[in-house]
Each structure stands twice: as C-alpha cells, then as structure tokens.
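What's in my_file-v4.cif: mmCIF, C-alpha atoms (C1' of nucleotides)
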data_entry
#
loop_
_atom_site.group_PDB
_atom_site.id
_atom_site.type_symbol
_atom_site.label_atom_id
_atom_site.label_comp_id
_atom_site.auth_asym_id
_atom_site.auth_seq_id
_atom_site.Cartn_x
_atom_site.Cartn_y
_atom_site.Cartn_z
ATOM 1 C CA MET C 1 3.140 -2.311 -4.685
ATOM 2 C CA PRO C 2 1.284 -1.636 -1.583
ATOM 3 C CA GLU C 3 -2.128 -0.095 -1.538
ATOM 4 C CA GLY C 4 -4.861 -2.150 0.096
ATOM 5 C CA HIS C 5 -5.556 -4.434 -2.851
ATOM 6 C CA THR C 6 -1.975 -5.823 -2.792
ATOM 7 C CA VAL C 7 -2.200 -6.672 0.878
ATOM 8 C CA HIS C 8 -5.529 -8.451 0.420
ATOM 9 C CA ARG C 9 -3.988 -10.499 -2.375
ATOM 10 C CA THR C 10 -1.191 -11.505 0.000
ATOM 11 C CA ALA C 11 -3.724 -12.369 2.705
ATOM 12 C CA ASN C 12 -5.519 -14.569 0.165
ATOM 13 C CA ASP C 13 -2.267 -16.307 -0.765
ATOM 14 C CA PHE C 14 -1.548 -17.043 2.893
ATOM 15 C CA GLN C 15 -5.105 -18.307 3.297
ATOM 16 C CA ARG C 16 -4.828 -20.656 0.342
ATOM 17 C CA LEU C 17 -1.259 -21.873 0.781
ATOM 18 C CA PHE C 18 -0.502 -21.714 4.495
ATOM 19 C CA VAL C 19 -3.614 -21.615 6.678
ATOM 20 C CA GLY C 20 -4.173 -24.948 8.400
ATOM 21 C CA SER C 21 -0.502 -25.909 8.225
ATOM 22 C CA ALA C 22 2.304 -25.745 10.733
ATOM 23 C CA ILE C 23 4.619 -23.315 8.997
ATOM 24 C CA GLY C 24 8.312 -22.705 9.306
ATOM 25 C CA ILE C 25 9.476 -19.155 9.979
ATOM 26 C CA ASP C 26 12.996 -17.835 9.756
ATOM 27 C CA SER C 27 14.713 -14.458 9.697
ATOM 28 C CA PRO C 28 17.866 -14.611 7.567
ATOM 29 C CA GLN C 29 18.452 -10.888 8.106
ATOM 30 C CA GLY C 30 18.050 -11.316 11.855
ATOM 31 C CA ARG C 31 15.653 -8.501 12.655
ATOM 32 C CA PHE C 32 12.739 -10.896 13.122
ATOM 33 C CA SER C 33 14.668 -13.697 14.840
ATOM 34 C CA ALA C 34 12.766 -13.489 18.113
ATOM 35 C CA GLY C 35 9.406 -13.612 16.356
ATOM 36 C CA ALA C 36 10.529 -16.473 14.135
ATOM 37 C CA GLN C 37 11.686 -18.471 17.156
ATOM 38 C CA ALA C 38 8.469 -17.785 19.020
ATOM 39 C CA LEU C 39 6.168 -18.909 16.198
ATOM 40 C CA SER C 40 8.036 -21.247 13.858
ATOM 41 C CA GLY C 41 6.281 -24.625 13.759
ATOM 42 C CA GLN C 42 2.954 -23.220 14.973
ATOM 43 C CA VAL C 43 -0.198 -23.802 12.942
ATOM 44 C CA LEU C 44 -1.406 -20.736 11.055
ATOM 45 C CA THR C 45 -5.123 -20.487 11.812
ATOM 46 C CA ASN C 46 -6.138 -17.353 9.918
ATOM 47 C CA SER C 47 -4.864 -14.727 7.522
ATOM 48 C CA TYR C 48 -6.617 -11.442 6.815
ATOM 49 C CA ALA C 49 -5.997 -7.841 5.809
ATOM 50 C CA ILE C 50 -7.360 -4.556 7.052
ATOM 51 C CA GLY C 51 -6.325 -1.760 4.730
ATOM 52 C CA LYS C 52 -2.600 -1.999 4.195
ATOM 53 C CA GLN C 53 -1.941 -4.259 7.178
ATOM 54 C CA LEU C 54 -1.665 -8.033 7.109
ATOM 55 C CA PHE C 55 -2.545 -10.141 10.147
ATOM 56 C CA LEU C 56 -1.464 -13.759 10.560
ATOM 57 C CA ASP C 57 -3.089 -15.591 13.486
ATOM 58 C CA PHE C 58 -1.411 -18.604 15.049
ATOM 59 C CA ALA C 59 -2.760 -21.502 17.097
ATOM 60 C CA ASN C 60 -0.978 -20.273 20.235
ATOM 61 C CA GLY C 61 -3.069 -17.070 20.192
ATOM 62 C CA GLN C 62 -0.338 -14.778 18.894
ATOM 63 C CA THR C 63 -0.526 -12.754 15.698
ATOM 64 C CA ILE C 64 2.082 -11.481 13.279
ATOM 65 C CA ARG C 65 1.331 -7.996 11.992
ATOM 66 C CA ILE C 66 3.020 -6.916 8.784
ATOM 67 C CA HIS C 67 2.987 -3.489 7.144
ATOM 68 C CA LEU C 68 4.994 -3.077 3.951
ATOM 69 C CA GLY C 69 5.305 0.691 4.117
ATOM 70 C CA ILE C 70 6.548 2.137 0.846
ATOM 71 C CA PHE C 71 9.478 -0.249 0.323
ATOM 72 C CA GLY C 72 8.297 -3.604 1.574
ATOM 73 C CA LYS C 73 8.033 -6.488 -0.876
ATOM 74 C CA TRP C 74 6.977 -10.136 -0.937
ATOM 75 C CA ARG C 75 8.559 -12.758 -3.141
ATOM 76 C CA TRP C 76 6.773 -16.086 -3.497
ATOM 77 C CA TYR C 77 8.143 -19.418 -4.616
ATOM 78 C CA LYS C 78 5.404 -21.967 -5.195
ATOM 79 C CA ASN C 79 5.696 -25.677 -5.993
ATOM 80 C CA ILE C 80 9.379 -25.805 -5.216
ATOM 81 C CA ASP C 81 11.603 -28.086 -3.147
ATOM 82 C CA VAL C 82 11.769 -25.846 -0.103
ATOM 83 C CA ALA C 83 14.284 -27.996 1.768
ATOM 84 C CA ALA C 84 16.716 -27.495 -1.116
ATOM 85 C CA ALA C 85 15.877 -23.789 -1.445
ATOM 86 C CA LEU C 86 16.606 -23.190 2.237
ATOM 87 C CA LYS C 87 20.166 -24.388 1.708
ATOM 88 C CA GLU C 88 20.792 -21.779 -0.977
ATOM 89 C CA PRO C 89 22.531 -18.562 0.082
ATOM 90 C CA VAL C 90 20.058 -15.747 0.760
ATOM 91 C CA THR C 91 20.301 -12.744 -1.527
ATOM 92 C CA GLY C 92 19.534 -9.359 -0.011
ATOM 93 C CA GLU C 93 17.933 -8.551 3.302
ATOM 94 C CA VAL C 94 15.199 -11.075 3.951
ATOM 95 C CA ARG C 95 13.504 -9.947 7.157
ATOM 96 C CA ALA C 96 11.211 -12.952 7.399
ATOM 97 C CA ARG C 97 10.608 -16.109 5.442
ATOM 98 C CA PHE C 98 7.550 -18.358 5.781
ATOM 99 C CA PHE C 99 7.470 -21.869 4.399
ATOM 100 C CA THR C 100 5.975 -25.325 4.119
ATOM 101 C CA GLU C 101 7.571 -28.211 2.176
ATOM 102 C CA SER C 102 6.573 -26.755 -1.188
ATOM 103 C CA VAL C 103 5.911 -23.024 -0.734
ATOM 104 C CA LEU C 104 8.261 -20.266 0.371
ATOM 105 C CA ALA C 105 7.442 -16.594 0.902
ATOM 106 C CA ASP C 106 10.219 -14.051 1.513
ATOM 107 C CA LEU C 107 9.544 -10.632 3.036
ATOM 108 C CA ARG C 108 11.957 -7.725 2.504
ATOM 109 C CA GLY C 109 11.963 -4.150 3.681
ATOM 110 C CA PRO C 110 8.700 -3.936 5.635
ATOM 111 C CA THR C 111 8.036 -0.989 7.904
ATOM 112 C CA ILE C 112 6.556 -3.377 10.448
ATOM 113 C CA CYS C 113 6.868 -7.109 11.074
ATOM 114 C CA GLU C 114 6.083 -7.934 14.675
ATOM 115 C CA VAL C 115 4.419 -10.426 16.991
ATOM 116 C CA LEU C 116 1.364 -9.172 18.887
ATOM 117 C CA VAL C 117 -0.912 -10.617 21.528
ATOM 118 C CA GLN C 118 -4.675 -10.314 21.232
ATOM 119 C CA GLU C 119 -5.152 -6.992 22.988
ATOM 120 C CA GLN C 120 -2.406 -5.374 20.941
ATOM 121 C CA VAL C 121 -4.128 -6.543 17.769
ATOM 122 C CA GLU C 122 -7.341 -4.993 18.992
ATOM 123 C CA ALA C 123 -5.581 -1.700 19.678
ATOM 124 C CA VAL C 124 -4.286 -1.616 16.090
ATOM 125 C CA ARG C 125 -7.716 -2.523 14.735
ATOM 126 C CA ARG C 126 -9.384 0.243 16.714
ATOM 127 C CA ARG C 127 -7.386 2.922 14.983
ATOM 128 C CA LEU C 128 -8.057 1.587 11.491
ATOM 129 C CA GLY C 129 -10.974 2.959 9.539
ATOM 130 C CA PRO C 130 -13.380 0.877 7.461
ATOM 131 C CA ASP C 131 -11.846 -1.112 4.601
ATOM 132 C CA PRO C 132 -13.873 -1.092 1.366
ATOM 133 C CA LEU C 133 -12.522 -4.566 0.602
ATOM 134 C CA ASN C 134 -13.977 -6.163 3.691
ATOM 135 C CA PRO C 135 -17.629 -7.253 3.813
ATOM 136 C CA ASP C 136 -20.176 -4.662 4.923
ATOM 137 C CA PRO C 137 -23.488 -6.524 4.938
ATOM 138 C CA ASP C 138 -25.425 -3.965 6.987
ATOM 139 C CA GLY C 139 -23.763 -0.828 5.612
ATOM 140 C CA SER C 140 -22.310 0.123 8.978
ATOM 141 C CA GLU C 141 -18.761 0.381 7.626
ATOM 142 C CA TYR C 142 -19.938 2.807 4.970
ATOM 143 C CA GLN C 143 -21.751 4.803 7.683
ATOM 144 C CA ARG C 144 -18.552 5.073 9.719
ATOM 145 C CA PHE C 145 -16.743 6.498 6.702
ATOM 146 C CA ALA C 146 -19.568 8.874 5.787
ATOM 147 C CA LYS C 147 -19.809 10.298 9.325
ATOM 148 C CA ARG C 148 -16.082 10.947 9.589
ATOM 149 C CA VAL C 149 -15.999 12.735 6.238
ATOM 150 C CA ALA C 150 -19.156 14.766 6.774
ATOM 151 C CA LYS C 151 -17.999 16.239 10.079
ATOM 152 C CA SER C 152 -14.436 17.052 9.003
ATOM 153 C CA LYS C 153 -13.204 20.370 7.678
ATOM 154 C CA THR C 154 -10.086 18.651 6.327
ATOM 155 C CA ALA C 155 -9.696 18.438 2.551
ATOM 156 C CA ILE C 156 -11.125 15.244 1.078
ATOM 157 C CA GLY C 157 -7.798 14.648 -0.663
ATOM 158 C CA LEU C 158 -6.202 14.280 2.773
ATOM 159 C CA LEU C 159 -9.103 12.387 4.357
ATOM 160 C CA LEU C 160 -8.863 9.635 1.742
ATOM 161 C CA MET C 161 -5.216 9.115 2.725
ATOM 162 C CA ASP C 162 -6.017 8.976 6.442
ATOM 163 C CA GLN C 163 -6.129 5.287 7.389
ATOM 164 C CA SER C 164 -8.400 5.991 10.343
ATOM 165 C CA VAL C 165 -11.020 7.436 7.959
ATOM 166 C CA ILE C 166 -10.827 4.757 5.267
ATOM 167 C CA SER C 167 -8.197 2.061 5.176
ATOM 168 C CA GLY C 168 -6.488 0.748 2.078
ATOM 169 C CA ILE C 169 -6.525 3.859 -0.137
ATOM 170 C CA GLY C 170 -3.105 5.232 -1.107
ATOM 171 C CA ASN C 171 -1.791 7.941 -3.379
ATOM 172 C CA VAL C 172 -2.843 6.336 -6.669
ATOM 173 C CA TYR C 173 -6.407 5.450 -5.695
ATOM 174 C CA ARG C 174 -6.831 8.803 -3.910
ATOM 175 C CA ALA C 175 -6.132 10.732 -7.103
ATOM 176 C CA GLU C 176 -8.165 8.446 -9.319
ATOM 177 C CA ILE C 177 -11.242 8.122 -7.115
ATOM 178 C CA LEU C 178 -11.518 11.898 -6.796
ATOM 179 C CA PHE C 179 -11.120 12.348 -10.541
ATOM 180 C CA ARG C 180 -13.824 9.793 -11.280
ATOM 181 C CA ALA C 181 -16.166 11.549 -8.879
ATOM 182 C CA GLY C 182 -15.343 14.975 -10.348
ATOM 183 C CA ILE C 183 -14.429 16.286 -6.898
ATOM 184 C CA ASN C 184 -11.663 18.808 -6.265
ATOM 185 C CA PRO C 185 -9.206 17.345 -3.722
ATOM 186 C CA TYR C 186 -9.192 20.546 -1.665
ATOM 187 C CA THR C 187 -12.921 20.394 -0.939
ATOM 188 C CA PRO C 188 -13.493 20.057 2.822
ATOM 189 C CA GLY C 189 -15.216 16.806 3.765
ATOM 190 C CA SER C 190 -18.030 18.779 5.399
ATOM 191 C CA SER C 191 -18.783 20.569 2.106
ATOM 192 C CA LEU C 192 -19.493 17.348 0.223
ATOM 193 C CA LYS C 193 -23.046 16.275 -0.475
ATOM 194 C CA PRO C 194 -24.110 12.918 1.037
ATOM 195 C CA LYS C 195 -24.463 11.593 -2.493
ATOM 196 C CA GLN C 196 -20.833 12.476 -3.236
ATOM 197 C CA ILE C 197 -19.568 10.771 -0.078
ATOM 198 C CA GLN C 198 -21.555 7.713 -1.024
ATOM 199 C CA GLU C 199 -20.071 7.758 -4.515
ATOM 200 C CA LEU C 200 -16.533 7.938 -3.121
ATOM 201 C CA TRP C 201 -17.153 4.875 -0.960
ATOM 202 C CA LYS C 202 -18.853 2.921 -3.689
ATOM 203 C CA ASP C 203 -16.113 3.656 -6.197
ATOM 204 C CA SER C 204 -13.484 2.641 -3.628
ATOM 205 C CA VAL C 205 -15.262 -0.698 -3.237
ATOM 206 C CA ASP C 206 -15.367 -1.206 -7.001
ATOM 207 C CA LEU C 207 -11.846 -0.072 -7.848
ATOM 208 C CA LEU C 208 -10.111 -1.902 -5.015
ATOM 209 C CA ALA C 209 -11.960 -5.083 -5.973
ATOM 210 C CA ILE C 210 -10.611 -4.751 -9.515
ATOM 211 C CA GLY C 211 -7.169 -4.307 -7.961
ATOM 212 C CA VAL C 212 -7.528 -7.529 -5.992
ATOM 213 C CA LYS C 213 -8.790 -9.412 -9.013
ATOM 214 C CA THR C 214 -6.194 -8.205 -11.518
ATOM 215 C CA GLY C 215 -3.277 -7.211 -9.297
ATOM 216 C CA PHE C 216 -3.171 -3.790 -10.974
ATOM 217 C CA MET C 217 -4.587 -0.409 -10.077
ATOM 218 C CA ILE C 218 -6.701 -0.044 -13.195
ATOM 219 C CA THR C 219 -8.996 2.942 -12.834
ATOM 220 C CA ARG C 220 -10.041 3.388 -16.475
ATOM 221 C CA ASN C 221 -11.476 -0.099 -16.268
ATOM 222 C CA GLU C 222 -14.593 0.734 -18.262
ATOM 223 C CA LEU C 223 -12.431 1.176 -21.360
ATOM 224 C CA PHE C 224 -10.530 -2.084 -21.457
ATOM 225 C CA THR C 225 -11.307 -5.732 -22.014
ATOM 226 C CA THR C 226 -7.651 -6.773 -21.902
ATOM 227 C CA ARG C 227 -5.012 -5.507 -19.501
ATOM 228 C CA PRO C 228 -4.013 -1.888 -20.204
ATOM 229 C CA THR C 229 -0.376 -0.820 -20.151
ATOM 230 C CA LYS C 230 0.914 1.218 -17.256
ATOM 231 C CA ALA C 231 0.628 4.400 -19.335
ATOM 232 C CA GLU C 232 -3.043 3.735 -20.085
ATOM 233 C CA ARG C 233 -4.166 2.564 -16.668
ATOM 234 C CA ASN C 234 -5.084 5.822 -14.904
ATOM 235 C CA PHE C 235 -6.724 9.207 -15.507
ATOM 236 C CA VAL C 236 -4.487 11.642 -13.633
ATOM 237 C CA TYR C 237 -1.945 9.808 -11.463
ATOM 238 C CA LYS C 238 1.601 10.737 -12.564
ATOM 239 C CA ARG C 239 0.219 12.591 -15.575
ATOM 240 C CA GLU C 240 1.041 16.161 -14.513
ATOM 241 C CA GLY C 241 1.350 18.581 -17.416
ATOM 242 C CA GLN C 242 -0.259 16.131 -19.821
ATOM 243 C CA ALA C 243 -3.686 16.557 -21.374
ATOM 244 C CA CYS C 244 -6.613 15.378 -19.279
ATOM 245 C CA ARG C 245 -8.054 12.247 -20.855
ATOM 246 C CA VAL C 246 -11.535 13.706 -20.701
ATOM 247 C CA CYS C 247 -11.289 17.471 -21.286
ATOM 248 C CA SER C 248 -7.695 17.917 -22.585
ATOM 249 C CA LYS C 249 -6.790 20.549 -19.999
ATOM 250 C CA LYS C 250 -3.375 20.062 -18.374
ATOM 251 C CA VAL C 251 -3.330 17.798 -15.321
ATOM 252 C CA SER C 252 -2.239 19.676 -12.173
ATOM 253 C CA ILE C 253 0.176 18.584 -9.478
ATOM 254 C CA ALA C 254 0.791 19.867 -5.942
ATOM 255 C CA LEU C 255 2.462 18.641 -2.784
ATOM 256 C CA ALA C 256 -0.098 17.919 -0.054
ATOM 257 C CA ALA C 257 1.111 16.598 3.310
ATOM 258 C CA GLY C 258 4.347 15.602 1.623
ATOM 259 C CA ARG C 259 2.701 13.499 -1.084
ATOM 260 C CA LYS C 260 2.149 14.316 -4.736
ATOM 261 C CA LEU C 261 -1.440 15.121 -5.507
ATOM 262 C CA TYR C 262 -2.759 14.992 -9.081
ATOM 263 C CA TRP C 263 -6.037 16.373 -10.406
ATOM 264 C CA CYS C 264 -7.700 17.968 -13.421
ATOM 265 C CA PRO C 265 -8.524 21.621 -12.721
ATOM 266 C CA LYS C 266 -11.447 21.561 -15.149
ATOM 267 C CA CYS C 267 -13.059 18.176 -14.464
ATOM 268 C CA GLN C 268 -12.607 18.581 -10.696
ATOM 269 C CA LYS C 269 -13.848 22.065 -9.886
ATOM 270 C "C1'" DG B 1 26.474 0.938 -13.949
ATOM 271 C "C1'" DG B 2 24.582 4.924 -11.229
ATOM 272 C "C1'" DC B 3 20.882 7.605 -9.566
ATOM 273 C "C1'" DC B 4 16.382 8.867 -8.321
ATOM 274 C "C1'" DA B 5 11.604 8.357 -7.097
ATOM 275 C "C1'" DA B 6 7.968 5.470 -5.207
ATOM 276 C "C1'" DT B 7 1.803 2.811 -4.206
ATOM 277 C "C1'" DG B 8 3.498 4.725 3.612
ATOM 278 C "C1'" DC B 9 3.771 5.907 8.024
ATOM 279 C "C1'" DA B 10 5.919 6.785 12.668
ATOM 280 C "C1'" DT B 11 8.274 10.028 15.181
ATOM 281 C "C1'" DA B 12 10.372 14.393 16.451
ATOM 282 C "C1'" DG B 13 9.888 19.184 16.858
ATOM 283 C "C1'" DT D 1 6.739 20.206 8.310
ATOM 284 C "C1'" DA D 2 10.999 17.359 8.156
ATOM 285 C "C1'" DT D 3 13.358 13.006 8.510
ATOM 286 C "C1'" DG D 4 14.203 8.032 8.641
ATOM 287 C "C1'" DC D 5 13.199 3.623 7.176
ATOM 288 C "C1'" DC D 6 15.853 0.645 3.284
ATOM 289 C "C1'" DT D 7 13.840 -2.200 -1.721
ATOM 290 C "C1'" DT D 8 12.937 -2.021 -6.354
ATOM 291 C "C1'" DG D 9 11.884 -0.336 -11.063
ATOM 292 C "C1'" DG D 10 12.771 2.901 -14.396
ATOM 293 C "C1'" DC D 11 15.489 6.118 -16.588
ATOM 294 C "C1'" DC D 12 19.882 8.044 -18.019
ATOM 295 C "C1'" DG D 13 24.156 7.402 -19.940
#
Write out the structure in this file as structure tokens.
Amino acid sequence: MPEGHTVHRTANDFQRLFVGSAIGIDSPQGRFSAGAQALSGQVLTNSYAIGKQLFLDFANGQTIRIHLGIFGKWRWYKNIDVAAALKEPVTGEVRARFFTESVLADLRGPTICEVLVQEQVEAVRRRLGPDPLNPDPDGSEYQRFAKRVAKSKTAIGLLLMDQSVISGIGNVYRAEILFRAGINPYTPGSSLKPKQIQELWKDSVDLLAIGVKTGFMITRNELFTTRPTKAERNFVYKREGQACRVCSKKVSIALAAGRKLYWCPKCQK
DNA sequence: GGCCAATGCATAG
DNA sequence: TATGCCTTGGCCG
C-alpha cells in the first residue's frame, strides 16, 4: 500500500537482504525482459527510496527505478529454496522477480519498472521534492519545502500531494496531517503562517516514521500502545459522514484534482 | 463468485 | 479535467 513509508520499507528490505550480492533478475510476464537480461547477475550496490520511488543501484553503474503507482505490489519469500521455487509455475503477472539462493521478491503491477543510467536518475531526482523520511541534518530539506509552500497560491491540500513539493505523502497522510494541524485543506500555501508550515513538515516526519516502523499508516498514534484496527487508525480518512473523533461534527468529503479529500469542517476552519 | 474502489501518476486535450 | 494503467482487498449476494 504505497505511500512513502511502504517504499522505504521495501528499500530497507533490499538493503538488508540483497545489497552486496549478485542477484538474479527475471521477468516472467515479459515486460521487463530487457532490463532483467541487462542486469541479472550484477551485484546490487545500493538501495534507497525518495518519496514513492525505489532506486536499486548496480555495480555496472545502472539503476532500476520502480514506482508502484496505485496498483503495484511486492510479494516476498524469505528463507526459502529459491531454486525449487523458480521451477514452480508463476501465478499472475509478475513483471519482475529478484532473487538470491534463499530470498525471492516478486513485483506485480507497477506503474514504472525501468533501467536508467546515471544522468537519467539525476533527472528524476531533480523533480522530486524533499522526503521527510530522508535525513535532513542541516534543515535544508525542510527549507525547500517551506519556501515552495509559502510562495504558492495553490491550496495546501493539493501542495501536499505534489511530489515536487514534498515527496512521499499520499491521500491518507494528506488528510490526516492537515487534520492534526487543524488546517483547512483549501487554505492557499501563501496564507499559512511559518509556524504552521513547520508543523506540517514536522508531523510528516513523525507520522511517516511511524509508518516505516509499524508498516501501517497510524495517525492517532498518541492513543494506542498496541496496534489499532483499520477502523481506529485515522481521524478523517474514509470517514465521510461520520462524527469527527474530536468535535463530533460530520466529516466532509470532496473531490479535489480527482482524489477524495476528507476533513472536519469544524476542527479545520 | 462478481463487482467496485483504492494509498498514484503520466499523458492527452 | 478525463483516461489508462492493471492488482488486490473488501463488500455484496
């Protein structure tokens, strides 16, 4: 379920299980056959995520870029006999499969799975905004975000979904971060106080980190010591027409740029 | 079993 | 703003 935290978890899995090894790559579905042929058997030297994109660097200087889009999914098989598993018939459309002797990772339905050379990677990176999950020791990533928001007349609810403004936020975190900050999603970025912009960034850092740690988009985290159910996890996301968990007013819904936007009309004036 | 919606984004117009 | 991508989970019956 792909907002930024999921992709970082995948990058971590690749780091732990594949980096440093020569890995096998195959494309049972066929749509990544050329890439698989070009890179199968190469040593994976690095794995990292920026927002919702995964980058896998290989010893020959090439990089695989993967973007799950809304449908893409990974399926991992750890501590298995891969040689035996590879002889089994493939179920469904497996675009790419990555493996060592004991670990197999199958990728289905991604929007993007392609091989890039260095300058193409840099071009992709240039159009991605700061990622709250990546280190920001000098605060410059936060500054990039704050400047973009402060000079934009676009609604903050749209800016948070714009991957060149901040990368890794999706529809769930967008709704929840704005609720937690008490900000109406239609407020233009330029109308926000610096303190509010700072709060949005800081809460993104905190919430996405919880997502990476737990694997779930828990945004009422202050309330739980054990894992909440899906129905308990969030304040407003997918709760239209139900009572706000803070003020009891009905949660609103609207379509904004083709995506469902949820907010509390009282808590987020 | 069928059907729909979904955490996203590129492209066309 | 509309459409295509093309998988999965959840809901309905």
Inset, instruction - Run the PyMOL selection byres ((chain C) within 7 of (chain D)) against the file shown and list the residues it catches, as a ChimeraX atom specification. - result: /C:71-72,109,111
Inset, instruction - Give me, as a list in words, the contact residues of chain B against chain C at a cut-off of 9 Å, counting only C-alpha atoms (C1' of nucleotides). - result: DA6, DT7, DG8 and DC9 of chain B
Inset, instruction - Do a neighbour search on Arg97 in chain C at 6 Å with all atoms listed in the file, toss out local chain neighbours closer than 5 positions, and write the hits as a ChimeraX atom specification. - result: /C:25-26,105-106
Inset, instruction - Quick one: everything within 8 Å of range 152-156 of chain C, counting all atoms listed in the file, minus sequence neighbours fewer than 5 positions away in the same chain. Send it as a ChimeraX atom specification. - result: /C:185-191
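Atom to atom, CA of Ser40 in chain C and CA of Ala123 in chain C stand 24.5 Å apart.
From CA of Pro130 in chain C back to CA of Tyr142 in chain C, the distance works out to 7.3 Å.
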Output file request: range 179-195 of chain C, with N, CA, C and O atoms, as a PDB file, in the first residue's frame.
ATOM      1  N   PHE C 179      -5.573  17.447   9.241  1.00  0.00           N
ATOM      2  CA  PHE C 179      -6.476  17.390  10.400  1.00  0.00           C
ATOM      3  C   PHE C 179      -5.701  17.654  11.684  1.00  0.00           C
ATOM      4  O   PHE C 179      -6.101  18.461  12.523  1.00  0.00           O
ATOM      5  N   ARG C 180      -4.582  16.970  11.832  1.00  0.00           N
ATOM      6  CA  ARG C 180      -3.798  17.103  13.070  1.00  0.00           C
ATOM      7  C   ARG C 180      -3.295  18.524  13.272  1.00  0.00           C
ATOM      8  O   ARG C 180      -3.118  18.975  14.402  1.00  0.00           O
ATOM      9  N   ALA C 181      -3.077  19.228  12.164  1.00  0.00           N
ATOM     10  CA  ALA C 181      -2.609  20.610  12.280  1.00  0.00           C
ATOM     11  C   ALA C 181      -3.778  21.596  12.391  1.00  0.00           C
ATOM     12  O   ALA C 181      -3.562  22.788  12.596  1.00  0.00           O
ATOM     13  N   GLY C 182      -5.003  21.105  12.226  1.00  0.00           N
ATOM     14  CA  GLY C 182      -6.172  21.982  12.297  1.00  0.00           C
ATOM     15  C   GLY C 182      -6.238  22.963  11.140  1.00  0.00           C
ATOM     16  O   GLY C 182      -6.745  24.078  11.291  1.00  0.00           O
ATOM     17  N   ILE C 183      -5.721  22.538   9.982  1.00  0.00           N
ATOM     18  CA  ILE C 183      -5.676  23.439   8.820  1.00  0.00           C
ATOM     19  C   ILE C 183      -6.689  22.982   7.776  1.00  0.00           C
ATOM     20  O   ILE C 183      -6.742  21.805   7.412  1.00  0.00           O
ATOM     21  N   ASN C 184      -7.472  23.933   7.274  1.00  0.00           N
ATOM     22  CA  ASN C 184      -8.418  23.628   6.202  1.00  0.00           C
ATOM     23  C   ASN C 184      -7.648  23.351   4.908  1.00  0.00           C
ATOM     24  O   ASN C 184      -6.764  24.126   4.531  1.00  0.00           O
ATOM     25  N   PRO C 185      -7.988  22.263   4.213  1.00  0.00           N
ATOM     26  CA  PRO C 185      -7.220  21.874   3.019  1.00  0.00           C
ATOM     27  C   PRO C 185      -7.264  22.894   1.885  1.00  0.00           C
ATOM     28  O   PRO C 185      -6.409  22.863   1.007  1.00  0.00           O
ATOM     29  N   TYR C 186      -8.246  23.774   1.902  1.00  0.00           N
ATOM     30  CA  TYR C 186      -8.351  24.763   0.817  1.00  0.00           C
ATOM     31  C   TYR C 186      -7.543  26.032   1.091  1.00  0.00           C
ATOM     32  O   TYR C 186      -7.507  26.930   0.258  1.00  0.00           O
ATOM     33  N   THR C 187      -6.885  26.111   2.219  1.00  0.00           N
ATOM     34  CA  THR C 187      -6.066  27.283   2.517  1.00  0.00           C
ATOM     35  C   THR C 187      -4.896  27.375   1.539  1.00  0.00           C
ATOM     36  O   THR C 187      -4.146  26.405   1.374  1.00  0.00           O
ATOM     37  N   PRO C 188      -4.715  28.519   0.871  1.00  0.00           N
ATOM     38  CA  PRO C 188      -3.545  28.649  -0.006  1.00  0.00           C
ATOM     39  C   PRO C 188      -2.252  28.538   0.804  1.00  0.00           C
ATOM     40  O   PRO C 188      -2.208  29.001   1.947  1.00  0.00           O
ATOM     41  N   GLY C 189      -1.237  27.934   0.207  1.00  0.00           N
ATOM     42  CA  GLY C 189       0.047  27.803   0.895  1.00  0.00           C
ATOM     43  C   GLY C 189       0.542  29.149   1.409  1.00  0.00           C
ATOM     44  O   GLY C 189       1.058  29.248   2.525  1.00  0.00           O
ATOM     45  N   SER C 190       0.382  30.184   0.595  1.00  0.00           N
ATOM     46  CA  SER C 190       0.900  31.510   0.946  1.00  0.00           C
ATOM     47  C   SER C 190       0.159  32.151   2.122  1.00  0.00           C
ATOM     48  O   SER C 190       0.630  33.139   2.682  1.00  0.00           O
ATOM     49  N   SER C 191      -1.007  31.597   2.484  1.00  0.00           N
ATOM     50  CA  SER C 191      -1.745  32.156   3.630  1.00  0.00           C
ATOM     51  C   SER C 191      -1.358  31.498   4.950  1.00  0.00           C
ATOM     52  O   SER C 191      -1.806  31.922   6.011  1.00  0.00           O
ATOM     53  N   LEU C 192      -0.548  30.447   4.881  1.00  0.00           N
ATOM     54  CA  LEU C 192      -0.172  29.755   6.118  1.00  0.00           C
ATOM     55  C   LEU C 192       0.909  30.528   6.858  1.00  0.00           C
ATOM     56  O   LEU C 192       1.772  31.174   6.254  1.00  0.00           O
ATOM     57  N   LYS C 193       0.853  30.447   8.174  1.00  0.00           N
ATOM     58  CA  LYS C 193       1.906  31.055   8.991  1.00  0.00           C
ATOM     59  C   LYS C 193       3.125  30.129   8.952  1.00  0.00           C
ATOM     60  O   LYS C 193       2.982  28.902   8.857  1.00  0.00           O
ATOM     61  N   PRO C 194       4.337  30.722   9.067  1.00  0.00           N
ATOM     62  CA  PRO C 194       5.559  29.900   9.073  1.00  0.00           C
ATOM     63  C   PRO C 194       5.480  28.754  10.080  1.00  0.00           C
ATOM     64  O   PRO C 194       5.915  27.627   9.810  1.00  0.00           O
ATOM     65  N   LYS C 195       4.916  29.069  11.225  1.00  0.00           N
ATOM     66  CA  LYS C 195       4.761  28.047  12.277  1.00  0.00           C
ATOM     67  C   LYS C 195       3.902  26.865  11.791  1.00  0.00           C
ATOM     68  O   LYS C 195       4.175  25.707  12.138  1.00  0.00           O
TER      69      LYS C 195
END
